[in-house]
Structure formats: structure tokens, C-alpha cells
Amino acid sequence: MDAHEAFVALEREIGLLLRRSRAISTRLARELHPDLDGAAYGLLALLQDAGPLRASDLVARLGLDKSTVSRQVSSLVELGLVDRAADPDDGRAQVLTPSREGASRLSRIRDARRARWQDDLAGWGTDDVATLAGLLERLNRLSEARDTDVPVEPVDR
């Protein structure tokens with residue numbers, strides 16, 4: 001396979017992965033709460049993994065516009081899945097964290113999702129799963145850096 005073919009295959013497979021991911025996120029969001037938008041599921045998961053965060057941090061990390069994040073945050077707060085609190089570093093700003101209920105619901109869904117990944121990849125070696133995770137992490141860091149204009153340190157592999 002030459003370089004052009006490799007990038008065509010990469011674009012095709014990432015496109016398929018993203019389409020499936022959106023469909024899965026929509027389903028998981030409905031499981032989390034019947035009124036939750038699919039896009040807000042990812043925002044809640046990011047808050048669980050990296051929070052507490054300001055809305056501006058979410059905008060930067062997700063590469064979304066401010067109004068989209070604001071709408072999703074408002075929905076999560078209204079549904080009781082996210083709490084807002086004064087930022088200890090800047091009392092004018094607010095930080096967001098999953099509420100106790102949001103964290104509990106998210107944990108149950110993530111456990112089920114992880115179990116499905118384990119079933120789907122049962123024939124893969126642990127090293128292969130770790131390699132895939134590492135490569136996806138590198139790709140995500142690159143995308144995040146591009147969106148925020150932060151240089152990424154090269155990784156020797």
C-alpha cells in the first residue's frame with residue numbers, strides 16, 4: 001500500500017468510526033437520561049475524566065463553538081447530571097463537574113460499554129489493545145493541539 005492509499009484507508013476507517021460513535025453516543029445518552037442529547041454524553045464523559053472544567057475548557061478541548069457547549073451544559077445542569085460551582089481561582093467563572101447522579105449513571109453505562117469492548121476484542125492480545133489506545137491518544141492529542149494552537153511534543157515509537 002502506498003502513502004496515498006494509506007491515507008485514503010485512514011480517512012475511510014475514521015469516518016466509519018465517527019459515524020458509528022455518534023450513533024452509539026446517541027443511544028448511550030438516551031440510556032443515561034431519556035431527554036439527553038447524544039452530543040452531551042461526550043461532554044459529561046469528559047467532565048468525569050478531566051473535570052472540574054470551565055465551559056471555555058470544554059470549548060477548547062472539544063473544538064466546538066461556545067453556543068453549542070453552553071446549550072449542552074445547560075441541558076446537563078437542568079437534567080441534574082452536572083453541577084456548577086464558583087471557580088476557586090476566579091470567582092467570576094464557574095466550574096462544571098458531574099453531579100452525584102450524573103457520575104453514577106455514567107459509571108454504569110461506561111462499565112457496560114467497556115464490557116462490550118472486552119467481548120468484541122476478546123481475540124485481540126492485550127498489547128494490541130494497548131497499542132490501539134496509544135495510537136488513538138496520539139491522534140487525539142494532535143487534533144486537540146491543532147484546535148488550540150498548542151504544539152505537540154513528538155513521540156518516538
# chains A, B, ... in the order shown; residues from 1 in each chain; ligands from 1
>>> residues_around(residues="A:Tyr41", least_positions_apart="4", cutoff="9 Å", atoms="only C-alpha atoms", output="list in words")
Ser25, Thr26, Leu28, Ala29, Leu32, Leu36, Asp37, Ala45, Leu46, Leu76 and Leu106 of chain A
>>> residues_around(residues="stretch 109-115 of chain A", least_positions_apart="5", cutoff="12 Å", atoms="only C-alpha atoms", output="compact mmCIF listing (two decimals) with N, CA and C atoms, in the first residue's frame")
# COMPACT_ATOMS: atom_id res chain seq x y z
N SER A 21 -19.67 6.02 16.19
CA SER A 21 -19.53 6.63 17.51
C SER A 21 -20.69 7.58 17.80
N ILE A 24 -23.71 5.49 18.58
CA ILE A 24 -23.57 4.89 19.91
C ILE A 24 -23.78 5.94 21.00
N SER A 25 -23.20 7.13 20.81
CA SER A 25 -23.36 8.19 21.80
C SER A 25 -24.82 8.59 21.96
N ARG A 27 -27.40 6.63 21.49
CA ARG A 27 -28.06 5.54 22.25
C ARG A 27 -27.68 5.59 23.73
N LEU A 28 -26.39 5.80 24.00
CA LEU A 28 -25.94 5.86 25.39
C LEU A 28 -26.54 7.05 26.13
N ALA A 29 -26.67 8.16 25.43
CA ALA A 29 -27.27 9.34 26.05
C ALA A 29 -28.70 9.05 26.46
N ARG A 30 -29.44 8.36 25.62
CA ARG A 30 -30.84 8.01 25.95
C ARG A 30 -30.89 7.06 27.14
N GLU A 31 -29.90 6.17 27.23
CA GLU A 31 -29.84 5.28 28.39
C GLU A 31 -29.51 6.05 29.65
N LEU A 32 -28.68 7.07 29.52
CA LEU A 32 -28.29 7.88 30.66
C LEU A 32 -29.49 8.68 31.17
N HIS A 33 -30.21 9.30 30.24
CA HIS A 33 -31.42 10.06 30.55
C HIS A 33 -32.22 10.20 29.27
N TYR A 41 -23.56 13.55 25.90
CA TYR A 41 -22.96 12.39 26.56
C TYR A 41 -21.44 12.54 26.60
N GLY A 42 -20.84 12.89 25.49
CA GLY A 42 -19.39 13.05 25.42
C GLY A 42 -18.89 14.16 26.32
N LEU A 44 -20.31 15.09 29.17
CA LEU A 44 -20.38 14.57 30.53
C LEU A 44 -19.21 13.62 30.80
N ALA A 45 -18.89 12.78 29.82
CA ALA A 45 -17.76 11.85 29.98
C ALA A 45 -16.45 12.61 30.15
N GLN A 48 -16.22 13.96 33.59
CA GLN A 48 -15.89 12.88 34.53
C GLN A 48 -14.40 12.56 34.49
N ASP A 49 -13.82 12.56 33.30
CA ASP A 49 -12.42 12.17 33.13
C ASP A 49 -11.45 13.29 33.47
N GLY A 102 -25.28 12.12 38.00
CA GLY A 102 -24.66 12.04 36.67
C GLY A 102 -23.48 11.08 36.66
N ALA A 103 -22.64 11.17 37.69
CA ALA A 103 -21.47 10.29 37.78
C ALA A 103 -21.89 8.83 37.93
N SER A 104 -22.92 8.59 38.73
CA SER A 104 -23.40 7.23 38.96
C SER A 104 -23.96 6.63 37.68
N ASP A 120 -16.00 -7.71 22.30
CA ASP A 120 -15.71 -7.51 20.88
C ASP A 120 -14.25 -7.77 20.56
N LEU A 121 -13.36 -7.43 21.47
CA LEU A 121 -11.92 -7.56 21.22
C LEU A 121 -11.30 -8.74 21.96
N ALA A 122 -12.13 -9.70 22.32
CA ALA A 122 -11.64 -10.84 23.09
C ALA A 122 -10.52 -11.59 22.37
>>> select_by_dssp(residues="stretch 21-150 of chain A", states="alpha helix (DSSP H)", output="ChimeraX atom specification")
/A:21-32,38-50,55-62,66-78,100-120,126-148
>>> select_by_dssp(residues="stretch 2-95 of chain A", states="strand (DSSP E or B)", output="mmCIF file with N, CA, C and O atoms, in the first residue's frame")
data_model
loop_
_atom_site.group_PDB
_atom_site.id
_atom_site.type_symbol
_atom_site.label_atom_id
_atom_site.label_comp_id
_atom_site.auth_asym_id
_atom_site.auth_seq_id
_atom_site.Cartn_x
_atom_site.Cartn_y
_atom_site.Cartn_z
ATOM 1 N N LEU A 53 -14.028 21.404 35.067
ATOM 2 C CA LEU A 53 -13.608 22.260 33.960
ATOM 3 C C LEU A 53 -14.559 23.438 33.806
ATOM 4 O O LEU A 53 -15.732 23.336 34.135
ATOM 5 N N VAL A 82 -25.107 17.490 35.910
ATOM 6 C CA VAL A 82 -23.900 18.301 36.097
ATOM 7 C C VAL A 82 -24.184 19.380 37.126
ATOM 8 O O VAL A 82 -25.274 19.957 37.158
ATOM 9 N N ASP A 83 -23.185 19.647 37.967
ATOM 10 C CA ASP A 83 -23.261 20.728 38.948
ATOM 11 C C ASP A 83 -22.340 21.866 38.522
ATOM 12 O O ASP A 83 -21.273 21.630 37.956
ATOM 13 N N ARG A 84 -22.762 23.086 38.820
ATOM 14 C CA ARG A 84 -21.931 24.272 38.603
ATOM 15 C C ARG A 84 -21.498 24.791 39.968
ATOM 16 O O ARG A 84 -22.276 24.784 40.908
ATOM 17 N N ALA A 85 -20.264 25.281 40.033
ATOM 18 C CA ALA A 85 -19.752 25.873 41.276
ATOM 19 C C ALA A 85 -18.816 27.018 40.900
ATOM 20 O O ALA A 85 -18.269 27.051 39.798
ATOM 21 N N ALA A 86 -18.629 27.928 41.840
ATOM 22 C CA ALA A 86 -17.694 29.030 41.606
ATOM 23 C C ALA A 86 -16.291 28.479 41.426
ATOM 24 O O ALA A 86 -15.867 27.566 42.135
ATOM 25 N N ASP A 87 -15.577 29.028 40.465
ATOM 26 C CA ASP A 87 -14.184 28.635 40.220
ATOM 27 C C ASP A 87 -13.342 29.158 41.378
ATOM 28 O O ASP A 87 -13.336 30.354 41.644
ATOM 29 N N ASP A 90 -11.057 31.917 40.192
ATOM 30 C CA ASP A 90 -11.678 33.121 39.645
ATOM 31 C C ASP A 90 -13.162 33.073 39.970
ATOM 32 O O ASP A 90 -13.931 32.413 39.261
ATOM 33 N N GLY A 91 -13.563 33.751 41.018
ATOM 34 C CA GLY A 91 -14.937 33.709 41.495
ATOM 35 C C GLY A 91 -15.964 34.157 40.473
ATOM 36 O O GLY A 91 -17.150 33.877 40.615
ATOM 37 N N ARG A 92 -15.531 34.853 39.420
ATOM 38 C CA ARG A 92 -16.474 35.290 38.377
ATOM 39 C C ARG A 92 -16.849 34.142 37.450
ATOM 40 O O ARG A 92 -17.882 34.185 36.794
ATOM 41 N N ALA A 93 -16.004 33.122 37.388
ATOM 42 C CA ALA A 93 -16.232 31.991 36.484
ATOM 43 C C ALA A 93 -16.829 30.817 37.255
ATOM 44 O O ALA A 93 -16.811 30.786 38.480
ATOM 45 N N GLN A 94 -17.342 29.859 36.495
ATOM 46 C CA GLN A 94 -17.902 28.652 37.093
ATOM 47 C C GLN A 94 -17.170 27.425 36.573
ATOM 48 O O GLN A 94 -16.723 27.399 35.429
ATOM 49 N N VAL A 95 -17.060 26.430 37.429
ATOM 50 C CA VAL A 95 -16.519 25.141 37.013
ATOM 51 C C VAL A 95 -17.650 24.121 37.025
ATOM 52 O O VAL A 95 -18.600 24.233 37.802
#
>>> atom_distance(atom1="atom CA of A:Leu47", atom2="atom CA of A:Ser70")
14.0 Å
>>> closest_residue(among="A:Arg54, A:Ile14, A:Glu78, A:Gln72", to="A:Gly38", atoms="only C-alpha atoms")
A:Gln72
